Amino acid sequence: NAGVTQTPKFRVLKTGQSMTLLCAQDMNHEYMYWYRQDPGMGLRLIHYSVGEGTTAKGEVPDGYNVSRLKKQNFLLGLESAAPSQTSVYFCASKIAGGSYEQYFGPGTRLTVT
Amino acid sequence: GEDVEQSLFLSVREGDSSVINCTYTDSSSTYLYWYKQEPGAGLQLLTYIFSNMDMKQDQRLTVLLNKKDKHLSLRIADTQTGDSAIYFCAEILSGGYQKVTFGTGTKLQVIP
């Protein structure tokens with residue numbers, strides 16, 4: 001089991017460029033999440049998905065889009081990157097239900113210049 | 001609304017106990033969690049407590065929950081240098097099993 005993997009690990013973008021972050025999990029989890037982590041602000045939820053073909057907005061969805069075409073993959077897209085999107089992005093997955101823990105990927109460090 | 005707050009930084013000497021505190025605002029929380037993030041890594045679950053419990057102990061970890069004051073704490077006994085990390089508390093609300101709300105994180109520094 002690889003668990004939750006994220007690609008790429010690091011990326012530098014210029015303002016206005018686009019990119020897609022890929023999250024993959026091999027645990028057959030129903031729920032998947034994208035967070036961003038900024039100093040002093042903890043983790044903020046960008047978008048999440050409760051199953052294949054479904055997505056929902058989190059706390060800070062503006063400037064991002066997501067897709068869940070396959071159960072094991074959750075893609076996060078930035079159509080026109082801005083310096084405010086410089087952050088560390090974490091993907092997580094979880095079994096449906098209350099007590100189950102979220103499993104996190106190792107993160108992607110994105111810098112937008 | 002959902003708001004989970006923690007102090008940003010805690011420094012302790014090796015061998016002492018550490019107490020990391022968290023306050024939350026939504027009384028409908030069902031599960032409360034403590035996650036640990038080591039440098040350059042994702043978060044890993046340390047422990048969790050169901051909202052109808054007051055205390056949970058797991059080896060060196062003790063979780064205390066005061067529902068009246070909406071206060072959660074994590075006590076680490078005999079703190080070691082390997083405990084240096086950022087600790088996040090988090091909550092799941094009743095009826096909202098999909099979303100977990102995280103606190104701002106407390107950076108624990110253990111001084112040898």
# chains A, B, ... in the order shown; residues from 1 in each chain; ligands from 1

call {"tool": "interface_residues", "arguments": {"of": "chain A", "to": "chain B", "cutoff": "7 Å", "atoms": "only C-alpha atoms", "output": "list of chain:residue names"}}
result
A:Gly40, A:Met41, A:Gly42, A:Leu43, A:Val50, A:Gly97, A:Gly98, A:Ser99, A:Glu101, A:Tyr103, A:Phe104, A:Gly105, A:Pro106, A:Gly107

call {"tool": "write_last_selection", "arguments": {"atoms": "C-alpha atoms", "output": "PDB file, in the first residue's frame"}}
result
ATOM      1  CA  GLY A  40      -0.249  30.578  11.469  1.00  0.00           C
ATOM      2  CA  MET A  41      -3.439  29.559   9.668  1.00  0.00           C
ATOM      3  CA  GLY A  42      -3.407  25.813  10.000  1.00  0.00           C
ATOM      4  CA  LEU A  43      -5.091  23.737   7.343  1.00  0.00           C
ATOM      5  CA  VAL A  50     -17.537  12.234  -1.073  1.00  0.00           C
ATOM      6  CA  GLY A  97     -18.150   7.630   8.534  1.00  0.00           C
ATOM      7  CA  GLY A  98     -17.456   9.556  11.702  1.00  0.00           C
ATOM      8  CA  SER A  99     -14.513   8.231  13.627  1.00  0.00           C
ATOM      9  CA  GLU A 101      -9.027   9.152  10.463  1.00  0.00           C
ATOM     10  CA  TYR A 103      -4.779   9.827   5.761  1.00  0.00           C
ATOM     11  CA  PHE A 104      -2.568  12.570   4.413  1.00  0.00           C
ATOM     12  CA  GLY A 105      -0.208  12.747   1.482  1.00  0.00           C
ATOM     13  CA  PRO A 106       3.297  14.218   1.879  1.00  0.00           C
ATOM     14  CA  GLY A 107       2.335  17.601   0.427  1.00  0.00           C
TER      15      GLY A 107
END

call {"tool": "residues_around", "arguments": {"residues": "Leu108 of chain B", "least_positions_apart": "2", "cutoff": "12 Å", "atoms": "only C-alpha atoms", "output": "VMD selection string"}}
result
chain B and resid 6 to 14 17 to 21 36 to 39 74 to 76 79 to 88 105 to 106 110 to 111

call {"tool": "residues_around", "arguments": {"residues": "segment 68-72 of chain A", "least_positions_apart": "6", "cutoff": "6 Å", "atoms": "only C-alpha atoms", "output": "compact mmCIF listing (two decimals) with N, CA and C atoms, in the first residue's frame"}}
result
# COMPACT_ATOMS: atom_id res chain seq x y z
N ALA A 24 -3.45 10.61 -5.44
CA ALA A 24 -3.90 9.25 -5.67
C ALA A 24 -3.87 8.47 -4.36
N GLN A 25 -4.91 7.65 -4.14
CA GLN A 25 -4.94 6.80 -2.94
C GLN A 25 -5.33 5.39 -3.37
N GLU A 52 -16.79 9.16 -6.21
CA GLU A 52 -16.45 9.34 -7.62
C GLU A 52 -17.52 10.18 -8.31
N GLY A 53 -17.04 11.18 -9.06
CA GLY A 53 -17.96 12.03 -9.81
C GLY A 53 -18.59 13.15 -9.02

call {"tool": "residues_around", "arguments": {"residues": "Thr108 of chain A", "least_positions_apart": "4", "cutoff": "6 Å", "atoms": "only C-alpha atoms", "output": "PDB file with N, CA, C and O atoms, in the first residue's frame"}}
result
ATOM      1  N   LYS A   9       6.069  17.109  -6.022  1.00  0.00           N
ATOM      2  CA  LYS A   9       6.422  17.474  -4.648  1.00  0.00           C
ATOM      3  C   LYS A   9       6.710  18.963  -4.532  1.00  0.00           C
ATOM      4  O   LYS A   9       6.449  19.573  -3.492  1.00  0.00           O
ATOM      5  N   PHE A  10       7.263  19.546  -5.566  1.00  0.00           N
ATOM      6  CA  PHE A  10       7.591  20.978  -5.587  1.00  0.00           C
ATOM      7  C   PHE A  10       7.250  21.529  -6.959  1.00  0.00           C
ATOM      8  O   PHE A  10       7.348  20.826  -7.959  1.00  0.00           O
ATOM      9  N   VAL A  88       1.623  25.298   0.833  1.00  0.00           N
ATOM     10  CA  VAL A  88       1.836  23.859   0.786  1.00  0.00           C
ATOM     11  C   VAL A  88       0.462  23.207   0.698  1.00  0.00           C
ATOM     12  O   VAL A  88      -0.425  23.508   1.509  1.00  0.00           O
ATOM     13  N   TYR A  89       0.283  22.352  -0.284  1.00  0.00           N
ATOM     14  CA  TYR A  89      -1.019  21.725  -0.533  1.00  0.00           C
ATOM     15  C   TYR A  89      -0.971  20.259  -0.090  1.00  0.00           C
ATOM     16  O   TYR A  89      -0.059  19.518  -0.444  1.00  0.00           O
TER      17      TYR A  89
END

call {"tool": "atom_distance", "arguments": {"atom1": "atom CA of Arg109 of chain A", "atom2": "atom CA of Gln37 of chain A"}}
result
9.6 Å

call {"tool": "closest_residue", "arguments": {"among": "A:Phe74, A:Ser87, A:Ser67, A:Ala92", "to": "Thr111 of chain A", "atoms": "only C-alpha atoms"}}
result
A:Ser87

call {"tool": "atom_distance", "arguments": {"atom1": "atom CA of Lys56 of chain B", "atom2": "atom CA of Gly3 of chain A"}}
result
27.4 Å

call {"tool": "select_by_dssp", "arguments": {"residues": "chain A", "states": "strand (DSSP E)", "output": "VMD selection string"}}
result
chain A and resid 4 to 7 10 to 13 19 to 25 31 to 38 42 to 49 56 to 57 64 to 67 73 to 78 87 to 94 103 to 104 108 to 112

call {"tool": "residues_around", "arguments": {"residues": "Pro61 of chain A", "least_positions_apart": "6", "cutoff": "12 Å", "atoms": "only C-alpha atoms", "output": "PyMOL selection string"}}
result
chain A and resi 33-36+44-48+55+76-78+85

call {"tool": "write_last_selection", "arguments": {"atoms": "C-alpha atoms", "output": "PDB file, in the first residue's frame"}}
result
ATOM      1  CA  TYR A  33      -9.865  16.363   0.339  1.00  0.00           C
ATOM      2  CA  TRP A  34      -7.569  19.153  -0.741  1.00  0.00           C
ATOM      3  CA  TYR A  35      -6.159  21.514   1.899  1.00  0.00           C
ATOM      4  CA  ARG A  36      -3.716  24.355   1.853  1.00  0.00           C
ATOM      5  CA  ARG A  44      -7.869  25.228   5.284  1.00  0.00           C
ATOM      6  CA  LEU A  45     -10.145  23.074   3.175  1.00  0.00           C
ATOM      7  CA  ILE A  46     -10.226  23.996  -0.502  1.00  0.00           C
ATOM      8  CA  HIS A  47     -12.511  21.336  -2.002  1.00  0.00           C
ATOM      9  CA  TYR A  48     -13.585  17.846  -1.097  1.00  0.00           C
ATOM     10  CA  THR A  55     -17.094  17.453  -5.602  1.00  0.00           C
ATOM     11  CA  LEU A  76      -6.667  20.083  -8.024  1.00  0.00           C
ATOM     12  CA  GLY A  77      -6.355  22.660 -10.782  1.00  0.00           C
ATOM     13  CA  LEU A  78      -5.141  26.224 -10.747  1.00  0.00           C
ATOM     14  CA  GLN A  85      -1.725  30.704  -3.948  1.00  0.00           C
TER      15      GLN A  85
END
